[in-house]
file structure11.txt (compact mmCIF, C-alpha atoms and all ligand atoms)
# COMPACT_ATOMS: atom_id res chain seq x y z
CA MET A 3 -29.75 -14.74 -51.55
CA THR A 4 -31.28 -13.33 -48.40
CA GLU A 5 -34.89 -14.15 -47.73
CA PRO A 6 -36.74 -11.47 -45.79
CA ALA A 7 -38.71 -12.80 -42.82
CA ALA A 8 -42.37 -13.57 -43.50
CA ASP A 9 -43.58 -10.75 -41.22
CA ASP A 10 -41.45 -8.26 -43.12
CA VAL A 11 -42.87 -9.41 -46.44
CA VAL A 12 -46.45 -9.10 -45.22
CA ARG A 13 -45.72 -5.65 -43.83
CA PHE A 14 -44.07 -4.66 -47.10
CA ALA A 15 -47.11 -5.85 -49.10
CA GLU A 16 -49.46 -3.87 -46.85
CA ARG A 17 -47.36 -0.75 -47.32
CA VAL A 18 -47.27 -1.18 -51.11
CA LEU A 19 -51.07 -1.38 -51.17
CA PHE A 20 -51.29 1.69 -48.94
CA LEU A 21 -49.03 3.55 -51.32
CA LEU A 22 -51.15 2.56 -54.32
CA GLY A 23 -54.25 3.70 -52.50
CA ARG A 24 -52.80 7.07 -51.58
CA ALA A 25 -50.28 8.01 -54.26
CA ALA A 26 -50.87 11.54 -55.52
CA THR A 27 -51.80 10.76 -59.10
CA THR A 28 -54.78 11.20 -61.37
CA THR A 29 -53.64 8.49 -63.78
CA THR A 30 -53.12 4.73 -63.75
CA TYR A 31 -49.34 5.21 -63.89
CA LYS A 32 -48.92 4.04 -60.32
CA TYR A 33 -50.17 0.59 -61.25
CA ALA A 34 -48.06 0.45 -64.41
CA VAL A 35 -44.93 1.51 -62.57
CA LEU A 36 -45.47 -1.01 -59.79
CA LEU A 37 -46.18 -3.92 -62.15
CA GLY A 38 -43.29 -2.77 -64.32
CA LEU A 39 -40.94 -2.88 -61.31
CA VAL A 40 -42.20 -6.36 -60.42
CA ASP A 41 -41.72 -7.63 -63.98
CA VAL A 42 -38.25 -6.19 -64.39
CA CYS A 43 -37.15 -7.64 -61.03
CA ILE A 44 -38.47 -11.07 -62.02
CA GLU A 45 -36.80 -11.06 -65.42
CA GLN A 46 -33.49 -9.85 -64.02
CA VAL A 47 -32.95 -12.47 -61.30
CA ALA A 48 -29.45 -13.92 -61.15
CA GLU A 49 -28.49 -17.57 -61.67
CA ASP A 50 -29.06 -18.31 -57.99
CA GLY A 51 -32.48 -16.65 -58.04
CA ALA A 52 -31.32 -13.45 -56.30
CA ALA A 53 -33.32 -10.37 -57.29
CA PRO A 54 -31.59 -7.22 -58.59
CA ASP A 55 -31.09 -4.19 -56.36
CA VAL A 56 -30.71 -1.72 -59.22
CA ILE A 57 -32.76 -1.49 -62.38
CA THR A 58 -32.80 1.19 -65.07
CA THR A 59 -35.39 3.66 -66.30
CA ARG A 60 -34.97 2.02 -69.73
CA GLN A 61 -35.91 -1.42 -68.46
CA LEU A 62 -38.91 0.04 -66.69
CA ALA A 63 -39.94 2.03 -69.78
CA GLU A 64 -39.90 -1.12 -71.92
CA LYS A 65 -42.18 -2.90 -69.47
CA VAL A 66 -44.55 0.04 -69.06
CA THR A 67 -44.79 0.30 -72.86
CA TRP A 68 -45.66 -3.38 -72.96
CA LEU A 69 -48.32 -3.01 -70.26
CA TYR A 70 -50.09 -0.12 -72.01
CA PHE A 71 -49.74 -1.48 -75.54
CA ARG A 72 -53.02 -3.41 -75.48
CA HIS A 73 -54.82 -0.56 -73.81
CA ALA A 74 -54.28 1.51 -76.94
CA GLU A 75 -56.91 -0.57 -78.73
CA ARG A 76 -60.55 0.42 -78.94
CA PHE A 77 -62.66 -1.05 -76.21
CA ALA A 78 -65.60 -3.07 -77.56
CA GLU A 79 -65.29 -1.35 -80.98
CA GLY A 80 -65.79 2.00 -79.28
CA ARG A 81 -63.17 4.41 -78.05
CA VAL A 82 -59.78 4.04 -76.44
CA LEU A 83 -60.34 4.01 -72.70
CA ARG A 84 -59.16 7.01 -70.76
CA GLN A 85 -56.62 6.42 -68.02
CA ASN A 86 -56.44 9.89 -66.61
CA ARG A 87 -59.22 11.69 -64.76
CA ARG A 88 -58.40 14.79 -66.79
CA GLY A 89 -58.03 13.91 -70.46
CA GLN A 90 -55.83 11.04 -71.49
CA ALA A 91 -52.66 9.73 -69.82
CA ARG A 92 -49.72 10.99 -71.88
CA ILE A 93 -47.94 7.67 -72.05
CA LEU A 94 -51.05 5.94 -73.34
CA GLN A 95 -51.66 8.78 -75.79
CA GLU A 96 -48.14 8.33 -77.19
CA ILE A 97 -48.75 4.62 -77.68
CA VAL A 98 -52.17 5.21 -79.27
CA SER A 99 -50.65 7.69 -81.74
CA TYR A 100 -47.81 5.32 -82.51
CA ARG A 101 -50.03 2.31 -83.13
CA GLU A 102 -52.73 4.14 -85.07
CA ALA A 103 -50.17 5.72 -87.39
CA ARG A 104 -48.82 2.26 -88.24
CA GLY A 105 -51.99 0.21 -88.65
CA MET A 106 -52.21 -1.05 -85.05
CA PRO A 107 -49.29 -3.48 -84.90
CA GLY A 108 -49.04 -5.66 -81.79
CA TRP A 109 -46.07 -5.24 -79.46
CA HIS A 110 -44.00 -8.04 -80.96
CA ARG A 111 -44.66 -6.90 -84.50
CA ALA A 112 -43.87 -3.26 -83.77
CA ARG A 113 -40.61 -4.24 -82.14
CA ARG A 114 -39.71 -6.51 -85.02
CA GLU A 115 -40.77 -4.48 -88.04
CA ASP A 116 -40.14 -0.97 -86.83
CA PRO A 117 -37.15 -1.17 -84.47
CA GLU A 118 -36.21 2.51 -84.78
CA GLY A 119 -39.70 3.92 -84.41
CA PHE A 120 -40.35 1.55 -81.54
CA ALA A 121 -37.15 2.64 -79.78
CA ARG A 122 -38.25 6.28 -80.14
CA LEU A 123 -41.59 5.39 -78.58
CA VAL A 124 -39.82 3.79 -75.62
CA ASP A 125 -37.65 6.95 -75.41
CA GLU A 126 -40.81 9.01 -74.98
CA VAL A 127 -42.28 6.64 -72.40
CA GLU A 128 -39.00 6.71 -70.50
CA TRP A 129 -38.99 10.50 -70.52
CA TYR A 130 -42.55 10.66 -69.12
CA LEU A 131 -41.70 8.14 -66.44
CA ILE A 132 -38.71 10.22 -65.40
CA ARG A 133 -40.76 13.42 -65.38
CA ASN A 134 -43.86 12.31 -63.57
CA PRO A 135 -44.68 8.91 -62.12
CA LEU A 136 -41.26 7.86 -60.89
CA PRO A 137 -40.68 10.92 -58.67
CA ARG A 138 -44.36 10.99 -57.61
CA LEU A 139 -45.26 7.38 -56.90
CA GLN A 140 -43.97 7.53 -53.34
CA LEU A 141 -45.40 10.96 -52.53
CA VAL A 142 -48.25 10.83 -50.06
CA GLY A 143 -49.64 14.13 -48.85
CA GLY A 144 -46.56 15.96 -50.15
CA ARG A 145 -44.20 13.72 -48.19
CA SER A 146 -42.03 11.01 -49.69
CA ILE A 147 -42.53 7.52 -48.30
CA ASP A 148 -39.27 5.74 -48.92
CA LEU A 149 -40.61 2.31 -49.51
CA LEU A 150 -39.52 1.08 -52.91
CA TYR A 151 -36.65 3.00 -54.48
CA ARG A 152 -34.47 6.03 -54.71
CA ILE A 153 -34.01 7.53 -58.16
CA GLY A 154 -30.48 7.93 -59.46
CA TRP A 155 -30.88 11.53 -60.61
CA GLY A 156 -31.89 12.90 -57.25
CA PRO A 157 -32.80 11.41 -53.87
CA GLU A 158 -34.99 14.30 -52.73
CA GLU A 159 -38.36 15.21 -54.13
CA THR A 160 -37.15 18.81 -54.09
CA SER A 161 -34.18 18.05 -56.31
CA GLU A 162 -34.27 19.36 -59.84
CA ALA A 163 -35.86 17.29 -62.52
CA PRO A 164 -33.41 16.08 -65.14
CA ARG A 165 -33.14 18.18 -68.27
CA ARG A 166 -34.62 16.86 -71.48
CA SER A 167 -31.34 17.46 -73.29
CA ASP A 168 -29.45 15.30 -70.76
CA VAL A 169 -31.99 12.50 -71.09
CA ARG A 170 -31.87 12.79 -74.90
CA ALA A 171 -28.07 12.56 -74.88
CA TYR A 172 -28.25 9.51 -72.64
CA GLN A 173 -30.82 7.92 -74.94
CA ARG A 174 -28.53 8.45 -77.91
CA GLY A 175 -25.74 6.73 -75.98
CA GLU A 176 -23.75 9.94 -75.57
CA ALA A 177 -22.06 11.25 -72.43
CA SER A 178 -24.75 12.70 -70.17
CA ALA A 179 -25.30 14.01 -66.66
CA PHE A 180 -28.43 11.87 -66.39
CA ASP A 181 -28.22 8.83 -64.11
CA ASN A 182 -30.74 6.20 -65.26
CA ARG A 183 -30.61 4.02 -62.16
CA ILE A 184 -33.58 3.16 -60.00
CA LEU A 185 -31.97 2.04 -56.75
CA LEU A 186 -34.21 -0.36 -54.89
CA PHE A 187 -34.09 -0.23 -51.09
CA PRO A 188 -32.58 -3.32 -49.45
CA GLY A 189 -34.84 -6.37 -49.70
CA VAL A 190 -37.32 -4.68 -52.08
CA GLY A 191 -36.33 -6.62 -55.21
CA GLU A 192 -36.53 -9.88 -53.28
CA ALA A 193 -39.89 -8.99 -51.76
CA LEU A 194 -41.37 -7.97 -55.14
CA VAL A 195 -40.25 -11.25 -56.69
CA ARG A 196 -41.73 -13.28 -53.84
CA LEU A 197 -44.97 -11.31 -53.75
CA ALA A 198 -45.50 -11.09 -57.51
CA GLY A 199 -48.07 -13.90 -57.65
CA ILE A 200 -50.13 -12.20 -54.96
CA LEU A 201 -49.64 -8.53 -55.85
CA ARG A 202 -50.33 -8.84 -59.57
CA PRO A 203 -54.01 -9.85 -59.41
CA VAL A 204 -54.68 -7.26 -56.72
CA VAL A 205 -53.00 -4.48 -58.69
CA GLU A 206 -54.70 -5.51 -61.94
CA ARG A 207 -58.06 -5.46 -60.20
CA GLN A 208 -57.43 -1.98 -58.80
CA TRP A 209 -56.19 -0.77 -62.17
CA ALA A 210 -59.31 -2.11 -63.94
CA SER A 211 -61.46 -0.57 -61.28
CA MET A 212 -59.89 2.88 -61.76
CA VAL A 213 -60.32 2.64 -65.55
CA ALA A 214 -63.96 1.64 -65.00
CA ARG A 215 -64.55 4.69 -62.79
CA ILE A 216 -62.85 7.13 -65.13
CA ASN A 217 -64.79 5.85 -68.16
CA ASP A 218 -68.03 5.23 -66.32
CA LEU A 219 -68.17 1.58 -67.40
CA PRO A 220 -68.96 -1.63 -65.56
CA GLU A 221 -65.78 -3.22 -64.27
CA ALA A 222 -66.63 -6.78 -65.25
CA ASP A 223 -65.48 -6.70 -68.89
CA LEU A 224 -62.49 -4.52 -68.34
CA GLU A 225 -60.05 -6.81 -66.60
CA ARG A 226 -59.99 -9.19 -69.53
CA PHE A 227 -59.60 -6.40 -72.07
CA LEU A 228 -56.75 -4.83 -70.14
CA PHE A 229 -54.80 -7.88 -69.00
CA ALA A 230 -55.49 -10.95 -71.15
CA PRO A 231 -52.81 -11.95 -73.69
CA ALA A 232 -52.89 -10.08 -77.00
CA ARG A 233 -54.24 -11.99 -80.00
CA GLU A 234 -51.05 -11.61 -82.02
CA THR A 235 -49.47 -14.34 -79.92
CA ALA A 236 -51.35 -17.32 -81.17
CA ALA A 237 -51.81 -18.03 -84.84
CA ALA A 238 -48.33 -18.08 -86.34
CA VAL A 239 -46.71 -20.30 -83.71
CA ARG A 240 -49.32 -23.03 -83.83
CA GLY A 241 -47.93 -24.82 -86.90
CA PRO A 242 -44.26 -24.86 -85.86
CA LEU A 243 -45.17 -25.92 -82.30
CA TRP A 244 -47.19 -28.75 -83.79
CA ASP A 245 -44.13 -29.89 -85.79
CA LEU A 246 -41.90 -29.61 -82.76
CA GLN A 247 -44.20 -31.64 -80.52
CA GLU A 248 -45.02 -34.04 -83.38
CA GLY A 249 -48.69 -33.39 -82.89
CA ARG A 250 -48.65 -34.45 -79.23
CA CYS A 251 -49.81 -32.63 -76.12
CA PHE A 252 -46.96 -31.06 -74.18
CA TYR A 253 -48.39 -32.20 -70.85
CA CYS A 254 -49.89 -35.67 -71.33
CA GLY A 255 -48.19 -36.73 -74.56
CA GLY A 256 -51.51 -37.74 -76.14
CA ASP A 257 -52.36 -37.05 -79.78
CA LEU A 258 -53.68 -33.58 -80.49
CA ARG A 259 -56.30 -32.49 -82.96
CA ARG A 260 -55.45 -29.50 -85.10
CA ARG A 261 -58.75 -27.81 -84.57
CA THR A 262 -59.10 -28.20 -80.83
CA CYS A 263 -55.56 -27.98 -79.49
CA GLN A 264 -54.65 -24.83 -77.60
CA ILE A 265 -51.61 -22.70 -77.06
CA ASP A 266 -50.76 -22.67 -73.38
CA HIS A 267 -48.55 -20.21 -71.54
CA PHE A 268 -46.23 -22.54 -69.61
CA ILE A 269 -45.72 -19.91 -66.91
CA PRO A 270 -49.35 -18.87 -66.48
CA PHE A 271 -50.01 -15.50 -68.07
CA ALA A 272 -51.98 -14.44 -65.01
CA ARG A 273 -48.88 -15.02 -62.92
CA HIS A 274 -46.35 -13.34 -65.17
CA PRO A 275 -47.51 -11.95 -68.51
CA ASP A 276 -44.96 -13.43 -70.88
CA ASP A 277 -46.20 -14.15 -74.40
CA GLY A 278 -42.75 -14.70 -75.88
CA ILE A 279 -42.40 -17.95 -77.83
CA ALA A 280 -40.19 -19.50 -75.13
CA ASN A 281 -43.25 -19.54 -72.88
CA LEU A 282 -45.63 -21.21 -75.35
CA VAL A 283 -46.51 -24.90 -75.64
CA LEU A 284 -49.28 -26.76 -77.45
CA ALA A 285 -51.73 -28.77 -75.37
CA HIS A 286 -55.14 -30.40 -75.34
CA GLY A 287 -57.93 -28.00 -74.50
CA ARG A 288 -58.74 -30.27 -71.57
CA CYS A 289 -55.12 -30.31 -70.30
CA ASN A 290 -54.89 -26.54 -70.65
CA GLY A 291 -58.21 -26.22 -68.85
CA ALA A 292 -57.08 -28.57 -66.07
CA LYS A 293 -53.84 -26.65 -65.58
CA ARG A 294 -55.67 -23.33 -65.32
CA ASP A 295 -53.43 -20.69 -63.69
CA PHE A 296 -51.41 -23.21 -61.67
CA LEU A 297 -47.68 -23.62 -61.98
CA ALA A 298 -46.59 -26.84 -63.66
CA ALA A 299 -44.86 -29.66 -61.78
CA ARG A 300 -41.19 -30.53 -62.05
CA ARG A 301 -41.45 -33.16 -64.77
CA HIS A 302 -43.01 -30.56 -67.05
CA VAL A 303 -40.47 -27.93 -66.08
CA GLU A 304 -37.66 -30.35 -66.97
CA ARG A 305 -39.04 -31.03 -70.44
CA TRP A 306 -39.79 -27.38 -71.03
CA ARG A 307 -36.25 -26.44 -70.02
CA MET A 308 -34.72 -29.02 -72.37
CA ARG A 309 -36.92 -27.98 -75.25
CA THR A 310 -36.33 -24.29 -74.87
CA TRP A 311 -32.78 -23.55 -73.73
CA ASP A 312 -29.45 -25.30 -74.18
CA ALA A 313 -27.08 -25.93 -71.26
CA GLY A 314 -25.73 -22.38 -71.55
CA GLY A 315 -29.22 -20.85 -71.39
CA ARG A 316 -29.32 -19.98 -75.09
CA PRO A 317 -32.40 -20.82 -77.17
CA THR A 318 -32.27 -24.37 -78.53
CA LYS A 319 -32.40 -25.20 -82.24
CA ALA A 320 -35.98 -26.34 -81.63
CA LEU A 321 -37.00 -22.93 -80.32
CA ALA A 322 -35.10 -21.20 -83.10
CA TYR A 323 -37.12 -23.31 -85.57
CA VAL A 324 -40.41 -22.16 -84.05
CA ALA A 325 -39.24 -18.55 -84.09
CA ARG A 326 -38.13 -18.73 -87.70
CA GLU A 327 -41.25 -20.48 -88.95
CA ALA A 328 -43.49 -18.09 -87.07
CA GLY A 329 -41.59 -15.10 -88.39
CA ARG A 330 -40.70 -14.14 -84.84
CA GLU A 331 -36.96 -14.53 -84.73
CA LEU A 332 -36.58 -11.38 -82.69
CA ASP A 333 -38.45 -13.18 -79.91
CA LEU A 334 -35.35 -15.28 -79.32
CA ASP A 335 -33.68 -12.40 -77.53
CA LEU A 336 -36.54 -12.45 -75.02
CA ALA A 337 -35.93 -16.12 -74.20
CA PRO A 338 -33.31 -15.56 -71.47
CA ALA A 339 -35.80 -13.39 -69.57
CA THR A 340 -38.30 -16.26 -69.65
CA LEU A 341 -35.72 -18.60 -68.10
CA ALA A 342 -34.95 -15.97 -65.44
CA THR A 343 -38.69 -15.71 -64.77
CA ALA A 344 -38.89 -19.46 -64.17
CA ARG A 345 -36.02 -19.17 -61.69
CA ALA A 346 -37.61 -16.18 -60.00
CA ILE A 347 -40.83 -18.12 -59.49
CA TYR A 348 -39.72 -21.66 -58.71
CA LEU A 349 -36.70 -20.82 -56.57
CA HIS A 350 -38.80 -18.54 -54.37
CA LEU A 351 -41.76 -20.84 -53.79
CA PRO A 352 -42.64 -21.39 -50.18
CA PRO A 353 -43.02 -25.06 -49.17
CA GLY A 354 -46.53 -26.48 -49.40
CA ILE A 355 -47.44 -24.96 -52.77
CA HIS A 356 -49.36 -27.18 -55.18
CA LEU A 357 -47.89 -27.67 -58.63
CA TRP A 358 -50.08 -29.12 -61.37
CA ARG A 359 -48.94 -32.52 -62.58
CA GLY A 360 -52.01 -33.49 -64.58
CA PRO A 361 -53.51 -34.69 -66.69
CA SER A 362 -56.60 -34.55 -64.47
CA ARG A 363 -57.74 -31.40 -62.69
CA ASP A 364 -56.89 -32.86 -59.31
CA ALA A 365 -53.40 -34.21 -59.90
CA PHE A 366 -50.92 -32.02 -58.05
CA GLU A 367 -47.55 -32.47 -56.44
CA VAL A 368 -46.66 -30.47 -53.37
CA PHE A 369 -43.52 -28.36 -53.50
CA GLU A 370 -41.27 -29.09 -50.52
CA GLU A 371 -38.19 -27.27 -49.33
CA ASP A 372 -35.90 -30.09 -50.47
CA HIS A 373 -37.23 -29.82 -54.03
CA ARG A 374 -35.72 -26.36 -54.40
CA GLU A 375 -32.28 -27.66 -55.19
CA ALA A 376 -33.57 -29.93 -57.93
CA PHE A 377 -35.39 -26.99 -59.52
CA ALA A 378 -32.26 -24.88 -59.21
CA ARG A 379 -30.31 -27.55 -61.12
CA VAL A 380 -32.94 -27.68 -63.84
CA LEU A 381 -33.17 -23.92 -64.24
CA VAL A 382 -29.53 -22.93 -64.04
CA SER A 383 -27.89 -21.91 -67.29
ZN ZN B 1 -52.98 -33.42 -72.93
call {"tool": "encode", "arguments": {"input": "structure11.txt", "output": "structure tokens", "more": "lines below"}}
Ligand SMILES: [Zn+2]
result
Amino acid sequence: MTEPAADDVVRFAERVLFLLGRAATTTTYKYAVLLGLVDVCIEQVAEDGAAPDVITTRQLAEKVTWLYFRHAERFAEGRVLRQNRRGQARILQEIVSYREARGMPGWHRARREDPEGFARLVDEVEWYLIRNPLPRLQLVGGRSIDLLYRIGWGPEETSEAPRRSDVRAYQRGEASAFDNRILLFPGVGEALVRLAGILRPVVERQWASMVARINDLPEADLERFLFAPARETAAAVRGPLWDLQEGRCFYCGGDLRRRTCQIDHFIPFARHPDDGIANLVLAHGRCNGAKRDFLAARRHVERWRMRTWDAGGRPTKALAYVAREAGRELDLDLAPATLATARAIYLHLPPGIHLWRGPSRDAFEVFEEDHREAFARVLVS
């Protein structure tokens, strides 16, 4: 894989933030599209950690649906927050209608229990992305800034929008004139993967701040509402994880108590929002609290890898047990993306980064260049 020079990456990050600041949009779509691109790139890295240079509108639509899914809930028992200066953002409105009509299922449940309806929802989100935010994200003052991607169905902003019938045919898997590719400019996938840990909190903050302005609310409570893990994650996996870890903390190996142990996102949720079962472990509250949003050290990564995926990168029997017991078997097809995420993060770390070893708050190991190969061996499938 080719690593862009540090100066180029900094310049790229500055230009992304400029684009977000200036993009001609009255909605929060620009943030969703950018975070969606980042997430798809991370989850699609190759075995050697190389980022993709082409992704599809479908992959992006799935991520954008995920990002907005929580936002369709009522804020503080009040109303659904608006994400458009004029009325509601269409994508969010679609998701609100979908969830309200079905008793507010979480993302995982909707996907599991209503696969056809959920696929139709993603179809709609994909169509809106194609129509509006994707062609517009890079427009500043009527001019296109070619920073991130070129869209497969037309390189020029003047080119005709795809027809609904073509997109529908493509979504049904029929022959179609619609080209669903989002072609990333050279180095963009790599830069997004490397910058993810830095861009995400900045973009989330800006997103929360725009929602606060539109709804005339204080910003403080919003970030948590918009970006913390959904509640559906926790309860059902606790018991099977307990069995799997034989009642011991994933990090320190000490005995857990049922009432106080916590479910930890192995790859910190703040770093990459993955609440699939592959990313969940059970830990002491104090170990979880000591780890905070740091990445875990190699010894933990090795055990997590062994627990979660077999040598070929397929979910282990242990993970399949957790999925089955938790009634989340469909989660198993998300497990390869979690392994790719681990590769995307660990194989791109710059030297000098602190990885949490625990169990105390101050116990870190420093990632050095010559550790990369060992991580690559652990994370290959
Ligand atoms: Zn512990």
call {"tool": "closest_atom_pairs", "arguments": {"input": "structure11.txt", "of": "stretch 281-375 of chain A", "to": "stretch 257-267 of chain A", "cutoff": "9 Å", "atoms": "only C-alpha atoms", "output": "JSON lines"}}
result
{"residue": "A:Asn281", "atom": "CA", "partner": "A:His267", "partner_atom": "CA", "distance": 5.5}
{"residue": "A:Leu282", "atom": "CA", "partner": "A:His267", "partner_atom": "CA", "distance": 4.9}
{"residue": "A:Val283", "atom": "CA", "partner": "A:Asp266", "partner_atom": "CA", "distance": 5.3}
{"residue": "A:Leu284", "atom": "CA", "partner": "A:Ile265", "partner_atom": "CA", "distance": 4.7}
{"residue": "A:Ala285", "atom": "CA", "partner": "A:Gln264", "partner_atom": "CA", "distance": 5.4}
{"residue": "A:His286", "atom": "CA", "partner": "A:Cys263", "partner_atom": "CA", "distance": 4.8}
{"residue": "A:Gly287", "atom": "CA", "partner": "A:Gln264", "partner_atom": "CA", "distance": 5.5}
{"residue": "A:Arg288", "atom": "CA", "partner": "A:Cys263", "partner_atom": "CA", "distance": 8.8}
{"residue": "A:Asn290", "atom": "CA", "partner": "A:Asp266", "partner_atom": "CA", "distance": 6.3}
call {"tool": "closest_residue", "arguments": {"input": "structure11.txt", "among": "A:Ala344, A:Ala292, A:Ala238, A:Arg170", "to": "A:Gln46", "atoms": "all atoms listed in the file"}}
result
A:Ala344
call {"tool": "residues_near_ligand", "arguments": {"input": "structure11.txt", "ligand": "ligand ZN 1 (chain B)", "cutoff": "6 Å", "atoms": "all atoms listed in the file", "output": "VMD selection string"}}
result
chain A and resid 251 253 to 254 256 285 to 286 289
call {"tool": "closest_residue", "arguments": {"input": "structure11.txt", "among": "A:Asp9, A:Glu118, A:Asp333, A:Asp364", "to": "A:Ala280", "atoms": "only C-alpha atoms"}}
result
A:Asp333
call {"tool": "residues_around", "arguments": {"input": "structure11.txt", "residues": "A:Thr58", "least_positions_apart": "2", "cutoff": "12 Å", "atoms": "all atoms listed in the file", "output": "NGL selection string"}}
result
:A and (38-39 or 42-43 or 46 or 54-56 or 60-65 or 128 or 131-132 or 136 or 151-155 or 180-186)
call {"tool": "residues_around", "arguments": {"input": "structure11.txt", "residues": "A:Arg233", "least_positions_apart": "6", "cutoff": "12 Å", "atoms": "all atoms listed in the file", "output": "list in words"}}
result
Arg72, Glu75, Pro107, Gly108, Trp109, His110, Arg111, Phe227, Val239, Ile265 and Asp277 of chain A
call {"tool": "residues_near_point", "arguments": {"input": "structure11.txt", "point": "(-41.9, 8.2, -51.1)", "cutoff": "9 Å", "atoms": "all atoms listed in the file", "output": "list in words"}}
result
Leu21, Ala25, Pro137, Arg138, Leu139, Gln140, Leu141, Val142, Arg145, Ser146, Ile147, Asp148, Leu149, Leu150, Tyr151, Arg152 and Glu159 of chain A
call {"tool": "build_atoms", "arguments": {"input": "structure11.txt", "residues": "stretch 348-361 of chain A", "atoms": "N, CA, C and O atoms", "output": "compact mmCIF listing (two decimals), in the frame of the given file"}}
result
# COMPACT_ATOMS: atom_id res chain seq x y z
N TYR A 348 -39.88 -20.36 -59.36
CA TYR A 348 -39.72 -21.66 -58.71
C TYR A 348 -38.73 -21.64 -57.55
O TYR A 348 -38.89 -22.36 -56.58
N LEU A 349 -37.69 -20.82 -57.65
CA LEU A 349 -36.70 -20.82 -56.57
C LEU A 349 -37.16 -20.01 -55.36
O LEU A 349 -36.53 -20.03 -54.31
N HIS A 350 -38.28 -19.31 -55.49
CA HIS A 350 -38.80 -18.54 -54.37
C HIS A 350 -40.08 -19.12 -53.80
O HIS A 350 -40.72 -18.51 -52.95
N LEU A 351 -40.49 -20.28 -54.28
CA LEU A 351 -41.76 -20.84 -53.79
C LEU A 351 -41.64 -21.22 -52.33
O LEU A 351 -40.66 -21.84 -51.92
N PRO A 352 -42.64 -20.88 -51.54
CA PRO A 352 -42.64 -21.39 -50.18
C PRO A 352 -43.07 -22.87 -50.19
O PRO A 352 -43.80 -23.28 -51.09
N PRO A 353 -42.61 -23.66 -49.22
CA PRO A 353 -43.02 -25.06 -49.17
C PRO A 353 -44.54 -25.17 -49.02
O PRO A 353 -45.17 -24.28 -48.45
N GLY A 354 -45.10 -26.26 -49.56
CA GLY A 354 -46.53 -26.48 -49.40
C GLY A 354 -47.36 -26.01 -50.57
O GLY A 354 -48.58 -26.15 -50.58
N ILE A 355 -46.71 -25.43 -51.59
CA ILE A 355 -47.44 -24.96 -52.77
C ILE A 355 -47.76 -26.13 -53.70
O ILE A 355 -46.94 -27.02 -53.88
N HIS A 356 -48.96 -26.12 -54.28
CA HIS A 356 -49.36 -27.18 -55.18
C HIS A 356 -48.96 -26.87 -56.62
O HIS A 356 -49.28 -25.80 -57.13
N LEU A 357 -48.29 -27.81 -57.23
CA LEU A 357 -47.89 -27.67 -58.63
C LEU A 357 -48.68 -28.69 -59.45
O LEU A 357 -48.77 -29.86 -59.07
N TRP A 358 -49.22 -28.24 -60.58
CA TRP A 358 -50.08 -29.12 -61.37
C TRP A 358 -49.27 -30.17 -62.13
O TRP A 358 -48.36 -29.85 -62.87
N ARG A 359 -49.64 -31.43 -61.90
CA ARG A 359 -48.94 -32.52 -62.58
C ARG A 359 -49.79 -33.04 -63.74
O ARG A 359 -49.30 -33.43 -64.78
N GLY A 360 -51.10 -33.04 -63.52
CA GLY A 360 -52.01 -33.49 -64.58
C GLY A 360 -51.96 -34.99 -64.77
O GLY A 360 -51.27 -35.69 -64.05
N PRO A 361 -52.67 -35.50 -65.81
CA PRO A 361 -53.51 -34.69 -66.69
C PRO A 361 -54.88 -34.31 -66.10
O PRO A 361 -55.54 -33.46 -66.68
